[in-house]
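Written below as structure tokens is the structure these notes are about.
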Amino acid sequence: LVGERHGQCRDRCEADGECPSGSICDPSFHTCQPAECAGDADCMAGFSCLDGRCISEEPLACPEGMISIGEQVCMDAFEASRPDATPANAGLDSSMATSRKGVFPWQVENNAEAEAACTAAGKRLCSEQEWYLACSGSAGNGYSYGDLYEAGTCNGIDTYCDCTEQGPCGDEAPCPFSGCYPQCGAGFRLDPTGHHPGCTNPSGVFDLNGNLWEHVQNGDGTRVRGGAYNCSDSETFHRCDYVPMTWTPSALGFRCCSYGLVSEDAGAVGGAR
């Protein structure tokens with residue numbers, strides 16, 4: 001179940017104001033969690049405590065290939081890929097994660113492999129809250145591109161349904177549509193990063209929904225986000241707030257985050273925190 005916390009009963013929340021003093025609402029699970037900070041001293045240099053969250057005092061300077069999310073964190077614009085990945089294959093070099101458009105993303109065995117690849121790049125895995133904020137935005141949308149599912153926008157099992165005139169769904173309009181795979185058949189497949197131009201949030205982070213599931217910080221295969229190209233129910237599994245919890249999907253990927261740059265040189269990944 002979405003938001004399930006085994007062995008714990010917690011009230012649902014929709015906003016920080018619904019939580020007790022010293023707590024903030026975790027938007028990914030709609031539960032009250034300890035605040036990130038009580039004062040500015042609890043935040044890193046350059047960040048101030050605002051309503052229990054550490055917010056950058058200036059526009060957040062992000063390394064090349066990363067996007068500022070709510071002035072709170074820098075996130076890779078694309079799903080992680082190996083340094084030698086190409087538009088035709090995922091490569092073999094596992095030395096570090098890269099964020100590049102138009103190459104095959106990196107499928108990992110587990111959360112530890114993803115975390116190590118981010119660390120080697122001077123970054124880290126995104127937290128659950130950061131990932132959800134990037135996907136749903138301040139409006140709490142169901143998908144990165146909006147609140148309603150669009151079968152042809154991101155890479156899911158519906159995206160490549162056979163909608164040709166001579167195909168089984170040639171008379172369907174619109175096509176593709178949610179759940180069209182069993183009816184129409186589809187040549188679903190993993191795509192290079194950024195292959196679907198509409199599959200982005202307003203900030204320019206691509207493929208948060210579909211293509212590969214994405215690992216999050218301190219997670220495992222049951223806590224991955226965003227769905228994948230082969231999900232049997234892409235409308236449900238691609239949602240920003242969907243978390244498997246009781247099962248481990250296949251097609252697991254990741255992307256990296258950082259707190260920004262210590263220096264003013266936004267092109268140097270080595271300055272990331």
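Naming works like this for the structure tokens: A, B, ... for the chains as they're shown, residue 1 at the start of each chain, ligands 1 onward in shown order.
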
* **Asp40 of chain A surroundings by only C-alpha atoms, 8 Å radius, close-in-sequence under 4 positions cut, as a PyMOL selection string** => chain A and resi 47-49+54

Can you write out the residues you just picked, keeping all heavy atoms, as a PDB file, in the first residue's frame?
ATOM      1  N   PHE A  47      22.718  27.960   4.115  1.00  0.00           N
ATOM      2  CA  PHE A  47      21.326  27.535   4.238  1.00  0.00           C
ATOM      3  C   PHE A  47      20.736  28.117   5.523  1.00  0.00           C
ATOM      4  O   PHE A  47      21.424  28.247   6.530  1.00  0.00           O
ATOM      5  CB  PHE A  47      21.213  26.008   4.282  1.00  0.00           C
ATOM      6  CG  PHE A  47      21.413  25.343   2.948  1.00  0.00           C
ATOM      7  CD1 PHE A  47      22.666  25.295   2.352  1.00  0.00           C
ATOM      8  CD2 PHE A  47      20.349  24.751   2.276  1.00  0.00           C
ATOM      9  CE1 PHE A  47      22.858  24.681   1.130  1.00  0.00           C
ATOM     10  CE2 PHE A  47      20.523  24.132   1.055  1.00  0.00           C
ATOM     11  CZ  PHE A  47      21.779  24.100   0.474  1.00  0.00           C
ATOM     12  N   SER A  48      19.461  28.452   5.496  1.00  0.00           N
ATOM     13  CA  SER A  48      18.740  28.937   6.673  1.00  0.00           C
ATOM     14  C   SER A  48      17.574  28.006   6.974  1.00  0.00           C
ATOM     15  O   SER A  48      17.052  27.338   6.080  1.00  0.00           O
ATOM     16  CB  SER A  48      18.202  30.358   6.433  1.00  0.00           C
ATOM     17  OG  SER A  48      19.254  31.271   6.225  1.00  0.00           O
ATOM     18  N   CYS A  49      17.190  27.980   8.243  1.00  0.00           N
ATOM     19  CA  CYS A  49      16.070  27.132   8.658  1.00  0.00           C
ATOM     20  C   CYS A  49      14.767  27.898   8.464  1.00  0.00           C
ATOM     21  O   CYS A  49      14.559  28.967   9.047  1.00  0.00           O
ATOM     22  CB  CYS A  49      16.237  26.740  10.125  1.00  0.00           C
ATOM     23  SG  CYS A  49      15.004  25.547  10.702  1.00  0.00           S
ATOM     24  N   CYS A  54      15.790  23.191   5.802  1.00  0.00           N
ATOM     25  CA  CYS A  54      16.971  23.971   5.432  1.00  0.00           C
ATOM     26  C   CYS A  54      16.844  24.419   3.980  1.00  0.00           C
ATOM     27  O   CYS A  54      16.764  23.577   3.067  1.00  0.00           O
ATOM     28  CB  CYS A  54      18.234  23.146   5.623  1.00  0.00           C
ATOM     29  SG  CYS A  54      18.617  22.771   7.355  1.00  0.00           S
TER      30      CYS A  54
END

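Summary of the local environment: counting only C-alpha atoms, residues at most 7 Å from Ser144 of chain A, other than itself and those fewer than 5 positions away along its chain, are A:Cys135, A:Ser136, A:Thr200, A:Asn201, A:Leu208, A:Asn209.
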
For segment 67-185 of chain A against segment 246-252 of chain A, with a cut-off of 12 Å and counting only C-alpha atoms, what is the closest atom pair and its distance in Å to one decimal for every residue that makes the cut, ordered by chain and number, as a tab-separated table?
residue	atom	partner	partner_atom	distance
A:Glu79	CA	A:Leu252	CA	10.7
A:Ala80	CA	A:Leu252	CA	10.9
A:Pro105	CA	A:Leu252	CA	9.8
A:Trp106	CA	A:Leu252	CA	8.4
A:Gln107	CA	A:Leu252	CA	5.4
A:Val108	CA	A:Leu252	CA	5.9
A:Glu109	CA	A:Leu252	CA	7.3
A:Asn110	CA	A:Leu252	CA	7.8
A:Asn111	CA	A:Leu252	CA	9.1
A:Glu113	CA	A:Leu252	CA	10.9
A:Ala114	CA	A:Leu252	CA	9.5
A:Gly156	CA	A:Ala251	CA	11.8

Same residues, all heavy atoms, saved as an mmCIF file, in the first residue's frame:
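out39.cif was written with the following content:
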data_model
loop_
_atom_site.group_PDB
_atom_site.id
_atom_site.type_symbol
_atom_site.label_atom_id
_atom_site.label_comp_id
_atom_site.auth_asym_id
_atom_site.auth_seq_id
_atom_site.Cartn_x
_atom_site.Cartn_y
_atom_site.Cartn_z
ATOM 1 N N GLU A 79 18.554 10.232 -15.488
ATOM 2 C CA GLU A 79 18.860 9.004 -14.765
ATOM 3 C C GLU A 79 20.348 8.696 -14.916
ATOM 4 O O GLU A 79 20.962 8.989 -15.938
ATOM 5 C CB GLU A 79 18.027 7.849 -15.310
ATOM 6 C CG GLU A 79 16.542 7.948 -14.978
ATOM 7 C CD GLU A 79 15.725 6.847 -15.609
ATOM 8 O OE1 GLU A 79 15.988 6.486 -16.768
ATOM 9 O OE2 GLU A 79 14.797 6.360 -14.943
ATOM 10 N N ALA A 80 20.926 8.097 -13.885
ATOM 11 C CA ALA A 80 22.360 7.831 -13.886
ATOM 12 C C ALA A 80 22.756 6.884 -15.015
ATOM 13 O O ALA A 80 22.033 5.939 -15.344
ATOM 14 C CB ALA A 80 22.773 7.242 -12.542
ATOM 15 N N PRO A 105 20.568 4.277 -19.564
ATOM 16 C CA PRO A 105 20.789 4.404 -18.123
ATOM 17 C C PRO A 105 21.367 3.133 -17.519
ATOM 18 O O PRO A 105 21.328 2.060 -18.106
ATOM 19 C CB PRO A 105 19.386 4.696 -17.591
ATOM 20 C CG PRO A 105 18.455 4.094 -18.588
ATOM 21 C CD PRO A 105 19.137 4.229 -19.915
ATOM 22 N N TRP A 106 21.872 3.278 -16.327
ATOM 23 C CA TRP A 106 22.585 2.230 -15.597
ATOM 24 C C TRP A 106 21.592 1.443 -14.752
ATOM 25 O O TRP A 106 21.004 1.952 -13.813
ATOM 26 C CB TRP A 106 23.618 2.906 -14.721
ATOM 27 C CG TRP A 106 24.566 2.028 -13.966
ATOM 28 C CD1 TRP A 106 24.484 0.689 -13.739
ATOM 29 C CD2 TRP A 106 25.767 2.475 -13.327
ATOM 30 N NE1 TRP A 106 25.546 0.262 -13.005
ATOM 31 C CE2 TRP A 106 26.358 1.334 -12.732
ATOM 32 C CE3 TRP A 106 26.391 3.712 -13.191
ATOM 33 C CZ2 TRP A 106 27.547 1.418 -12.008
ATOM 34 C CZ3 TRP A 106 27.572 3.793 -12.475
ATOM 35 C CH2 TRP A 106 28.149 2.657 -11.893
ATOM 36 N N GLN A 107 21.425 0.158 -15.040
ATOM 37 C CA GLN A 107 20.613 -0.730 -14.206
ATOM 38 C C GLN A 107 21.515 -1.363 -13.157
ATOM 39 O O GLN A 107 22.549 -1.945 -13.491
ATOM 40 C CB GLN A 107 19.931 -1.805 -15.045
ATOM 41 C CG GLN A 107 18.922 -1.255 -16.044
ATOM 42 C CD GLN A 107 18.068 -2.348 -16.654
ATOM 43 O OE1 GLN A 107 17.320 -3.047 -15.970
ATOM 44 N NE2 GLN A 107 18.150 -2.491 -17.961
ATOM 45 N N VAL A 108 21.118 -1.243 -11.898
ATOM 46 C CA VAL A 108 21.952 -1.727 -10.792
ATOM 47 C C VAL A 108 21.318 -2.933 -10.116
ATOM 48 O O VAL A 108 20.115 -3.181 -10.225
ATOM 49 C CB VAL A 108 22.191 -0.612 -9.752
ATOM 50 C CG1 VAL A 108 23.069 0.488 -10.327
ATOM 51 C CG2 VAL A 108 20.867 -0.032 -9.250
ATOM 52 N N GLU A 109 22.158 -3.657 -9.366
ATOM 53 C CA GLU A 109 21.682 -4.830 -8.647
ATOM 54 C C GLU A 109 20.986 -4.448 -7.346
ATOM 55 O O GLU A 109 20.032 -5.103 -6.926
ATOM 56 C CB GLU A 109 22.859 -5.762 -8.339
ATOM 57 C CG GLU A 109 23.461 -6.427 -9.569
ATOM 58 C CD GLU A 109 22.511 -7.417 -10.221
ATOM 59 O OE1 GLU A 109 21.704 -8.039 -9.491
ATOM 60 O OE2 GLU A 109 22.573 -7.559 -11.449
ATOM 61 N N ASN A 110 21.474 -3.364 -6.695
ATOM 62 C CA ASN A 110 20.932 -3.036 -5.380
ATOM 63 C C ASN A 110 21.210 -1.577 -5.029
ATOM 64 O O ASN A 110 21.890 -0.858 -5.768
ATOM 65 C CB ASN A 110 21.514 -3.966 -4.311
ATOM 66 C CG ASN A 110 23.036 -4.036 -4.372
ATOM 67 O OD1 ASN A 110 23.712 -3.009 -4.406
ATOM 68 N ND2 ASN A 110 23.562 -5.256 -4.396
ATOM 69 N N ASN A 111 20.705 -1.165 -3.883
ATOM 70 C CA ASN A 111 20.837 0.198 -3.414
ATOM 71 C C ASN A 111 22.298 0.564 -3.148
ATOM 72 O O ASN A 111 22.730 1.687 -3.435
ATOM 73 C CB ASN A 111 20.001 0.377 -2.143
ATOM 74 C CG ASN A 111 19.907 1.805 -1.679
ATOM 75 O OD1 ASN A 111 20.722 2.264 -0.890
ATOM 76 N ND2 ASN A 111 18.897 2.526 -2.154
ATOM 77 N N GLU A 113 25.010 -0.479 -4.636
ATOM 78 C CA GLU A 113 25.711 -0.203 -5.885
ATOM 79 C C GLU A 113 25.393 1.205 -6.387
ATOM 80 O O GLU A 113 26.276 1.941 -6.847
ATOM 81 C CB GLU A 113 25.328 -1.234 -6.948
ATOM 82 C CG GLU A 113 26.050 -1.044 -8.278
ATOM 83 C CD GLU A 113 25.618 -2.044 -9.338
ATOM 84 O OE1 GLU A 113 24.853 -2.984 -9.003
ATOM 85 O OE2 GLU A 113 26.032 -1.886 -10.511
ATOM 86 N N ALA A 114 24.136 1.599 -6.264
ATOM 87 C CA ALA A 114 23.735 2.933 -6.677
ATOM 88 C C ALA A 114 24.385 4.001 -5.810
ATOM 89 O O ALA A 114 24.900 5.015 -6.318
ATOM 90 C CB ALA A 114 22.214 3.059 -6.618
ATOM 91 N N GLY A 156 6.566 4.012 -20.547
ATOM 92 C CA GLY A 156 5.924 2.940 -19.806
ATOM 93 C C GLY A 156 5.433 1.869 -20.756
ATOM 94 O O GLY A 156 5.655 1.920 -21.973
#

* Asked: Pick from A:Val243, A:Met66, A:Ala35, A:Cys118: nearest to Lys101 of chain A, with only C-alpha atoms counted?
  -> A:Met66

* To do: In Å, rounded to a single decimal, give me how far atom CA of Phe104 of chain A is from atom CA of Asn89 of chain A.
  => 5.7 Å

Contacts between segment 166-171 of chain A and segment 184-208 of chain A, please, where a residue of segment 184-208 of chain A counts if it comes within 12 Å (with only C-alpha atoms); show its shortest atom pair and distance in Å to one decimal, rows by chain and ascending number, as JSON lines.
{"residue": "A:Cys184", "atom": "CA", "partner": "A:Pro168", "partner_atom": "CA", "distance": 5.4}
{"residue": "A:Gly185", "atom": "CA", "partner": "A:Pro168", "partner_atom": "CA", "distance": 8.0}
{"residue": "A:Ala186", "atom": "CA", "partner": "A:Gly167", "partner_atom": "CA", "distance": 10.5}

Selection file, all heavy atoms, as a PDB file, in the first residue's frame:
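Output (selection34.pdb):
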ATOM      1  N   CYS A 184      -3.902  -3.920 -27.146  1.00  0.00           N
ATOM      2  CA  CYS A 184      -3.272  -3.528 -28.411  1.00  0.00           C
ATOM      3  C   CYS A 184      -1.954  -4.227 -28.692  1.00  0.00           C
ATOM      4  O   CYS A 184      -1.518  -4.290 -29.850  1.00  0.00           O
ATOM      5  CB  CYS A 184      -3.005  -2.020 -28.414  1.00  0.00           C
ATOM      6  SG  CYS A 184      -4.410  -0.994 -27.965  1.00  0.00           S
ATOM      7  N   GLY A 185      -1.290  -4.705 -27.624  1.00  0.00           N
ATOM      8  CA  GLY A 185       0.071  -5.169 -27.788  1.00  0.00           C
ATOM      9  C   GLY A 185       1.009  -3.974 -27.856  1.00  0.00           C
ATOM     10  O   GLY A 185       0.601  -2.871 -28.239  1.00  0.00           O
ATOM     11  N   ALA A 186       2.263  -4.167 -27.463  1.00  0.00           N
ATOM     12  CA  ALA A 186       3.198  -3.045 -27.457  1.00  0.00           C
ATOM     13  C   ALA A 186       4.633  -3.549 -27.503  1.00  0.00           C
ATOM     14  O   ALA A 186       4.952  -4.592 -26.930  1.00  0.00           O
ATOM     15  CB  ALA A 186       2.997  -2.182 -26.216  1.00  0.00           C
TER      16      ALA A 186
END
